[in-house]
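*Asks:* Input: one structure, supplied below.
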Amino acid sequence: MSLPVPVLDDRRFQDIVDEAKRLIPRYCPGWTDHNLSDPGVTLIELFAWMTEMILYRVNKVPDLHFTKFLELMGIRLFPAAAARCDVAFWLSAPLPDVVRLHSNTQVGTVRTEQEEAIVFLTDEDLEIVVPVPSACLTGTMDGRYEDHWDDLKRTGSEVKCFLTGRPGDAIYFGFEESLSSNIIRLDVKASIEGVGIVPTDPPWRWEVWSGEDWIPAAVHRDTTGGFNRDGEITLFIPRRHKPLIIGPSRAHWLRCQMTKATGDQKPYKASPTVSKLEAVSLGGIMSAHHAQLVPRERLGVSEGVAGQAFTVKRAPVLPRKPDETVVVATPEGEERWTEVRDFSASRGNDRHFTWDSTEGEISFGPLIHYPDGTRRQVGAVPAVGAEILVTGYRNGGGSVGNVGGKTLTVLKTSIPFIASVENITPAHGGVDAETIENAKSRGPMTLRTGQRAVTVHDFERLTLEASSSVARARCLAPKDDSAPIRVLIVPRVTISPQELVLDDLVLPDDLVEQVSGFLEERRLLTTSVEIGTPFYQGLTVTAQVRGSTGIGPELLRDRLLTELYRYINPLIGGPSGDGWPFGRELNVGEVFGLLSGIEGVMSVEELSIYLADLRTRERRETRQRARLPDNAVFASFQHQVRVK
């Protein structure tokens with residue numbers, strides 16, 4: 001329990017007015033009219049209001065001291081995190097040569113009179129290659145393969161895609177070079193053999209070999225109806241595409257595997273056949289983050305004293321890359337200095353500085369005064385007259401970067417042969433900088449246990465400190481000494497509860513790397529850490545309620561659905577409103593009380609809860625309660641409410 005904050009003066013407006021009126025007979029005995037209409041009383045109320053404002057400010061002094069103490073102890077606000085997404089660059093036409101795209105390519109939203117453009121930068125270089133097919137195989141689940149490369153090249157010959165017609169059969173297309181991050185169009189000539197399926201939803205999946213396993217390749221467009229007619233199949237190839245030896249051939253493989261029909265899908269009654277296949281590259285996909293490049297910037301001139309601070313022109317500042325640093329320029333030349341988290345390990349001649357990402361302030365080492373009168377310089381001091389510069393940095397981050405899909409359509413960097421650009425998925429992961437109130441709650445926990453990761457609570461706290469993109473963390477103790485400690489992370493997203501889907505809660509690779517590196521430095525030598533995601537258990541509530549007279553059924557239904565999606569939510573749900581607790585069960589009575597308490601509900605007449613698989617969308621009814629394991633939380637799935 002935290003110590004109560006004292007109120008330095010608890011008087012309020014009416015207390016001050018009453019106190020002033022009691023003093024009137026002593027100092028002004030001739031003043032006998034104390035009614036509200038008297039001008040003197042009006043003045044008393046005016047000054048009482050002004051005095052109350054002063055007392056309000058005085059009572060803020062303990063908060064000020066608390067905040068300054070946390071600052072003295074090195075507690076800093078978490079900076080804003082940048083939103084990320086994948087951006088597709090479409091070629092003006094298929095080209096015979098490789099097209100190279102470079103990192104830091106700028107794309108943005110359309111600028112309007114009301115809003116500035118939101119700019120994203122690409123993360124890495126990309127080569128849009130010329131795909132050259134080199135092999136074709138068909139295979140079964142038991143590892144039997146047949147080579148059909150000669151058949152595919154021969155006019156009039158057909159290749160049966162799925163040998164036995166059972167789930168797990170696949171047709172493999174090999175390529176000479178990696179198609180990593182390319183957008184590939186397969187021009188297919190097929191016959192009407194694979195009848196029985198739904199043409200818009202065939203039971204198949206496209207995959208590539210990543211070097212370790214088969215990973216999905218998203219289908220952007222399919223005009224073949226599942227290999228049932230001539231047409232085109234456009235695929236987004238993942239970033240990892242490695243060679244593999246299958247049967248007699250070594251190639252970079254792309255395969256189409258038959259799957260078991262689920263949901264509204266229908267199975268193949270017979271295997272489709274392919275008689276011709278050509279491949280062209282239509283463009284490429286690059287990951288991008290919300291940021292703008294700021295070039296080399298002059299901050300000022302050093303005065304040669306300890307503790308100097310300079311502020312860049314644009315904040316917040318994203319985490320620095322190796323080439324983004326401070327340069328101190330003297331007549332002898334330029335010196336690159338090193339950024340550190342703090343000066344606790346800095347010596348007097350170390351060219352170190354700190355860079356606050358939230359405010360953009362760059363600070364040099366202070367001079368420490370000790371009680372015995374001695375002094376010690378931590379970190380070097382730039383020479384008098386030296387120019388302080390930054391080589392460049394990236395400005396951005398925050399929830400404003402969570403733009404919708406197909407909104408980054410403006411190419412701000414001119415690239416030959418590129419006709420258009422768009423983000424194929426909505427941007428996610430953009431988080432605003434930490435608030436003061438949150439830092440005040442986090443500070444005492446940090447000071448209590450330091451930077452050690454020993455207990456499960458330490459791991460949870462440090463995981464939250466590792467990145468502002470972490471909304472919740474759950475640490476599961478190992479079952480035996482050889483097992484790793486599992487840390488489950490719920491990422492921070494700004495999507496409304498009714499629009500939240502399972503894919504929005506996937507952990508970005510860079511977030512996993514950031515948290516892993518942060519915990520690696522703080523764990524015990526005898527422990528190992530595994531980062532993962534919780535099990536999101538879908539939950540569906542079906543209810544029939546009777547509304548009060550005078551309220552529209554649609555309005556009441558909207559209220560009920562809004563409350564259900566809010567309450568059964570891994571981020572903002574649960575009784576405390578900070579996410580459904582891990583492992584906490586839900587019973588029908590709790591949902592009944594939740595719906596009954598909503599304004600406009602006269603009675604809840606029918607109520608059921610169903611457990612749902614968020615991937616397959618299959619549901620099964622529970623009885624009176626839905627239970628969860630320790631590694632799981634509830635997530636809403638297609639609630640149904642009827643209002644009578």
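Chains: A, B, ... in order of the structure tokens. Residues: from 1 per chain. Ligands: from 1, in order shown.
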I need the strand (DSSP E or B) residues of range 213-263 of chain A per DSSP on the backbone, written as a PyMOL selection string.

*Replies:* chain A and resi 214-216+218-222+231-236+243-246+249-258

*Asks:* Export C-alpha atoms of the chosen residues as a short mmCIF file (atom, residue, chain, number, x, y, z; two decimals), in the first residue's frame?

*Replies:*
```cif
data_model
loop_
_atom_site.label_atom_id
_atom_site.label_comp_id
_atom_site.auth_asym_id
_atom_site.auth_seq_id
_atom_site.Cartn_x
_atom_site.Cartn_y
_atom_site.Cartn_z
CA TRP A 214 6.77 -24.34 -44.94
CA ILE A 215 5.23 -20.89 -44.39
CA PRO A 216 2.12 -19.35 -46.01
CA ALA A 218 -0.91 -15.08 -49.31
CA VAL A 219 -3.16 -15.31 -52.36
CA HIS A 220 -3.91 -11.78 -53.59
CA ARG A 221 -5.96 -12.75 -56.61
CA ASP A 222 -7.14 -15.98 -58.22
CA GLY A 231 -6.38 -17.67 -65.48
CA GLU A 232 -3.95 -15.95 -63.13
CA ILE A 233 -2.92 -16.51 -59.52
CA THR A 234 -1.16 -13.60 -57.82
CA LEU A 235 0.82 -14.45 -54.68
CA PHE A 236 2.63 -12.43 -52.02
CA PRO A 243 16.38 -23.58 -51.49
CA LEU A 244 15.60 -27.19 -50.66
CA ILE A 245 16.32 -30.56 -52.26
CA ILE A 246 13.08 -32.46 -52.96
CA SER A 249 15.76 -31.33 -57.75
CA ARG A 250 17.20 -28.52 -55.71
CA ALA A 251 15.22 -25.31 -56.10
CA HIS A 252 13.42 -22.48 -54.35
CA TRP A 253 10.05 -24.13 -53.93
CA LEU A 254 6.53 -22.77 -54.10
CA ARG A 255 3.84 -25.36 -53.45
CA CYS A 256 0.06 -25.58 -53.51
CA GLN A 257 -1.17 -28.11 -50.96
CA MET A 258 -4.66 -29.56 -50.79
#
```

*Asks:* Please provide as a PyMOL selection string all residues within 10 Å of Arg559 in chain A, with the sequence filter that same-chain residues fewer than 3 positions apart are discarded (counting only C-alpha atoms).

*Replies:* chain A and resi 553-556+562-564+595+598-601

*Asks:* Store the residues picked out above in a file with N, CA and C atoms, as a PDB file, in the first residue's frame.

*Replies:*
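Result written to result17.pdb:
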```pdb
ATOM      1  N   PRO A 553     -35.162  -0.490 -30.226  1.00  0.00           N
ATOM      2  CA  PRO A 553     -34.468  -1.786 -30.172  1.00  0.00           C
ATOM      3  C   PRO A 553     -33.050  -1.735 -30.740  1.00  0.00           C
ATOM      4  N   GLU A 554     -32.854  -0.985 -31.840  1.00  0.00           N
ATOM      5  CA  GLU A 554     -31.521  -0.923 -32.439  1.00  0.00           C
ATOM      6  C   GLU A 554     -30.532  -0.224 -31.523  1.00  0.00           C
ATOM      7  N   LEU A 555     -30.991   0.860 -30.858  1.00  0.00           N
ATOM      8  CA  LEU A 555     -30.112   1.576 -29.933  1.00  0.00           C
ATOM      9  C   LEU A 555     -29.717   0.684 -28.769  1.00  0.00           C
ATOM     10  N   LEU A 556     -30.695  -0.048 -28.212  1.00  0.00           N
ATOM     11  CA  LEU A 556     -30.394  -0.924 -27.081  1.00  0.00           C
ATOM     12  C   LEU A 556     -29.487  -2.071 -27.507  1.00  0.00           C
ATOM     13  N   THR A 562     -21.866  -3.375 -27.632  1.00  0.00           N
ATOM     14  CA  THR A 562     -20.690  -2.583 -27.271  1.00  0.00           C
ATOM     15  C   THR A 562     -20.149  -3.014 -25.917  1.00  0.00           C
ATOM     16  N   GLU A 563     -21.052  -3.247 -24.955  1.00  0.00           N
ATOM     17  CA  GLU A 563     -20.611  -3.638 -23.614  1.00  0.00           C
ATOM     18  C   GLU A 563     -20.034  -5.050 -23.609  1.00  0.00           C
ATOM     19  N   LEU A 564     -20.609  -5.964 -24.389  1.00  0.00           N
ATOM     20  CA  LEU A 564     -20.076  -7.325 -24.446  1.00  0.00           C
ATOM     21  C   LEU A 564     -18.677  -7.341 -25.050  1.00  0.00           C
ATOM     22  N   LEU A 595     -25.429  -7.617 -18.508  1.00  0.00           N
ATOM     23  CA  LEU A 595     -26.454  -7.136 -19.428  1.00  0.00           C
ATOM     24  C   LEU A 595     -27.615  -6.498 -18.680  1.00  0.00           C
ATOM     25  N   ILE A 598     -27.353  -2.669 -17.852  1.00  0.00           N
ATOM     26  CA  ILE A 598     -27.278  -1.664 -18.912  1.00  0.00           C
ATOM     27  C   ILE A 598     -28.597  -0.905 -18.984  1.00  0.00           C
ATOM     28  N   GLU A 599     -28.495   0.399 -19.092  1.00  0.00           N
ATOM     29  CA  GLU A 599     -29.679   1.256 -19.131  1.00  0.00           C
ATOM     30  C   GLU A 599     -30.575   0.875 -20.305  1.00  0.00           C
ATOM     31  N   GLY A 600     -31.846   0.702 -20.021  1.00  0.00           N
ATOM     32  CA  GLY A 600     -32.815   0.355 -21.053  1.00  0.00           C
ATOM     33  C   GLY A 600     -33.194  -1.109 -21.073  1.00  0.00           C
ATOM     34  N   VAL A 601     -32.530  -1.966 -20.299  1.00  0.00           N
ATOM     35  CA  VAL A 601     -32.837  -3.391 -20.256  1.00  0.00           C
ATOM     36  C   VAL A 601     -33.848  -3.651 -19.144  1.00  0.00           C
TER      37      VAL A 601
END
```

*Asks:* If you count only C-alpha atoms, which residues fall within 10 Å of range 160-173 of chain A, apart from same-chain ones fewer than 2 positions away, as a PyMOL selection string?

*Replies:* chain A and resi 133-149+158+175+193-194+203-208+227+246+251-261+267-275+277

*Asks:* With distances taken over only C-alpha atoms, which residue among A:Arg57, A:Arg619, A:Arg26, A:Arg84 lies nearest Gly404 in chain A?

*Replies:*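 Selected residue with least distance to Gly404 in chain A: A:Arg84.
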
*Asks:* CA of Ser344 in chain A to CA of Ile368 in chain A: how many Å, to one decimal?

*Replies:* 11.2 Å

*Asks:* Env of Arg486 in chain A: 12 Å cut, atoms = only C-alpha atoms, seq-sep filter 6 positions within chain, self excluded. Answer as number ranges by chain.

*Replies:* A: 456, 459-460, 463, 473-479, 516, 519, 527-534, 630-631

*Asks:* Please provide the set of residues having any atom within 6 Å of range 637-640 of chain A, restricted to only C-alpha atoms, with same-chain residues fewer than 5 positions apart removed, written as a list in words.

*Replies:* Gly538, Leu539, Thr540, Val541 and Thr542 of chain A

*Asks:* Would you mind exporting the chosen residues as a CSV table (one decimal), in the first residue's frame, restricted to C-alpha atoms?

*Replies:*
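The result, stored in selection_4.csv:
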```
chain,number,residue,atom,x,y,z
A,538,GLY,CA,-12.9,-17.1,-28.5
A,539,LEU,CA,-16.2,-16.6,-26.6
A,540,THR,CA,-19.6,-15.9,-28.1
A,541,VAL,CA,-22.6,-14.7,-26.1
A,542,THR,CA,-26.1,-15.1,-27.5
```

*Asks:* Could you tell me how far CA of Ser603 in chain A lies from CA of Leu628 in chain A, in Å and to one decimal?

*Replies:*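 Between these atoms lies a distance of 28.7 Å.
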
*Asks:* Can you list, as a PyMOL selection string, every residue of range 29-100 of chain A that DSSP puts in alpha helix (DSSP H)?

*Replies:* chain A and resi 39-58+61-72

*Asks:* With N, CA and C atoms kept, could you save the residues just selected as a compact mmCIF listing (two decimals), in the first residue's frame?

*Replies:*
```txt
# COMPACT_ATOMS: atom_id res chain seq x y z
N PRO A 39 -22.69 44.05 -2.71
CA PRO A 39 -21.44 44.08 -3.50
C PRO A 39 -20.23 43.59 -2.71
N GLY A 40 -20.21 43.84 -1.41
CA GLY A 40 -19.08 43.38 -0.61
C GLY A 40 -18.99 41.87 -0.55
N VAL A 41 -20.15 41.21 -0.43
CA VAL A 41 -20.17 39.75 -0.43
C VAL A 41 -19.70 39.21 -1.78
N THR A 42 -20.07 39.92 -2.86
CA THR A 42 -19.61 39.51 -4.19
C THR A 42 -18.09 39.54 -4.27
N LEU A 43 -17.48 40.59 -3.69
CA LEU A 43 -16.02 40.66 -3.67
C LEU A 43 -15.41 39.54 -2.84
N ILE A 44 -16.06 39.23 -1.70
CA ILE A 44 -15.56 38.12 -0.87
C ILE A 44 -15.56 36.81 -1.67
N GLU A 45 -16.66 36.55 -2.42
CA GLU A 45 -16.73 35.33 -3.22
C GLU A 45 -15.69 35.32 -4.33
N LEU A 46 -15.44 36.49 -4.92
CA LEU A 46 -14.43 36.56 -5.97
C LEU A 46 -13.05 36.20 -5.43
N PHE A 47 -12.69 36.81 -4.29
CA PHE A 47 -11.36 36.53 -3.72
C PHE A 47 -11.28 35.11 -3.16
N ALA A 48 -12.43 34.58 -2.69
CA ALA A 48 -12.43 33.20 -2.21
C ALA A 48 -12.15 32.23 -3.37
N TRP A 49 -12.74 32.52 -4.54
CA TRP A 49 -12.49 31.68 -5.71
C TRP A 49 -11.02 31.74 -6.12
N MET A 50 -10.42 32.96 -6.11
CA MET A 50 -9.01 33.10 -6.46
C MET A 50 -8.12 32.38 -5.45
N THR A 51 -8.49 32.47 -4.16
CA THR A 51 -7.71 31.78 -3.13
C THR A 51 -7.77 30.27 -3.29
N GLU A 52 -8.95 29.76 -3.65
CA GLU A 52 -9.10 28.31 -3.84
C GLU A 52 -8.20 27.83 -4.98
N MET A 53 -8.07 28.63 -6.03
CA MET A 53 -7.19 28.26 -7.13
C MET A 53 -5.73 28.18 -6.67
N ILE A 54 -5.33 29.12 -5.80
CA ILE A 54 -3.96 29.09 -5.27
C ILE A 54 -3.75 27.85 -4.42
N LEU A 55 -4.75 27.50 -3.58
CA LEU A 55 -4.62 26.31 -2.74
C LEU A 55 -4.54 25.04 -3.58
N TYR A 56 -5.28 25.02 -4.70
CA TYR A 56 -5.22 23.87 -5.59
C TYR A 56 -3.80 23.67 -6.11
N ARG A 57 -3.15 24.78 -6.47
CA ARG A 57 -1.77 24.69 -6.96
C ARG A 57 -0.83 24.26 -5.84
N VAL A 58 -1.07 24.76 -4.64
CA VAL A 58 -0.21 24.40 -3.50
C VAL A 58 -0.30 22.90 -3.23
N VAL A 61 2.04 20.40 -4.92
CA VAL A 61 3.46 20.35 -4.58
C VAL A 61 3.93 18.92 -4.28
N PRO A 62 3.17 18.10 -3.49
CA PRO A 62 3.64 16.72 -3.27
C PRO A 62 3.81 15.93 -4.56
N ASP A 63 2.87 16.10 -5.52
CA ASP A 63 3.01 15.42 -6.80
C ASP A 63 4.26 15.88 -7.54
N LEU A 64 4.54 17.19 -7.47
CA LEU A 64 5.73 17.73 -8.12
C LEU A 64 6.99 17.11 -7.52
N HIS A 65 7.04 17.04 -6.19
CA HIS A 65 8.21 16.47 -5.54
C HIS A 65 8.37 14.99 -5.90
N PHE A 66 7.24 14.27 -5.96
CA PHE A 66 7.28 12.85 -6.30
C PHE A 66 7.82 12.66 -7.72
N THR A 67 7.33 13.47 -8.65
CA THR A 67 7.79 13.38 -10.03
C THR A 67 9.27 13.71 -10.15
N LYS A 68 9.70 14.76 -9.45
CA LYS A 68 11.12 15.14 -9.48
C LYS A 68 12.00 14.05 -8.88
N PHE A 69 11.48 13.38 -7.84
CA PHE A 69 12.26 12.30 -7.24
C PHE A 69 12.45 11.15 -8.23
N LEU A 70 11.38 10.79 -8.94
CA LEU A 70 11.50 9.73 -9.94
C LEU A 70 12.48 10.12 -11.04
N GLU A 71 12.44 11.39 -11.42
CA GLU A 71 13.38 11.86 -12.44
C GLU A 71 14.81 11.77 -11.93
N LEU A 72 15.01 12.12 -10.65
CA LEU A 72 16.34 12.04 -10.05
C LEU A 72 16.84 10.60 -10.02
```

*Asks:* Which residues, written as an MDAnalysis selection string, have at least one atom at most 12 Å from Gly398 in chain A, with only C-alpha atoms counted and residues fewer than 5 positions away on the same chain left out?

*Replies:* chainID A and resid 78:84 118 289:291 315:318 358 403 427:434 468:469 492:494

*Asks:* What does the file look like for those residues with C-alpha atoms, as a short mmCIF file (atom, residue, chain, number, x, y, z; two decimals), in the first residue's frame?

*Replies:*
```cif
data_model
loop_
_atom_site.label_atom_id
_atom_site.label_comp_id
_atom_site.auth_asym_id
_atom_site.auth_seq_id
_atom_site.Cartn_x
_atom_site.Cartn_y
_atom_site.Cartn_z
CA PHE A 78 8.59 5.30 -22.41
CA PRO A 79 8.88 6.85 -25.87
CA ALA A 80 6.29 6.54 -28.60
CA ALA A 81 6.41 3.37 -30.70
CA ALA A 82 6.14 3.50 -34.47
CA ALA A 83 3.37 1.75 -36.37
CA ARG A 84 4.41 -0.84 -38.94
CA ILE A 118 1.47 10.51 -42.59
CA HIS A 289 7.46 2.01 -40.20
CA HIS A 290 5.91 5.38 -39.39
CA ALA A 291 8.78 7.85 -39.53
CA ALA A 315 10.31 15.12 -31.41
CA PRO A 316 9.53 12.36 -30.60
CA VAL A 317 12.64 10.61 -31.87
CA LEU A 318 12.60 6.94 -32.78
CA THR A 358 10.17 11.65 -25.95
CA VAL A 403 -3.57 4.00 -40.64
CA ALA A 427 -0.63 -0.39 -39.92
CA HIS A 428 -0.42 -1.56 -36.32
CA GLY A 429 1.80 -1.16 -33.27
CA GLY A 430 1.77 2.63 -33.08
CA VAL A 431 1.67 3.66 -29.42
CA ASP A 432 1.77 7.14 -27.90
CA ALA A 433 4.44 8.08 -25.37
CA GLU A 434 3.87 7.00 -21.77
CA SER A 468 5.67 0.63 -24.88
CA SER A 469 4.20 -1.73 -27.50
CA ARG A 492 -0.81 -2.86 -27.54
CA VAL A 493 -3.27 -2.09 -30.34
CA THR A 494 -5.68 0.80 -30.83
#
```

*Asks:* Between A:His457, A:Leu101, A:Ile75, A:Ile415, which has the minimum distance to Gly443 in chain A (counting only C-alpha atoms)?

*Replies:*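 For Gly443 in chain A, the nearest of the candidates is A:Ile75.
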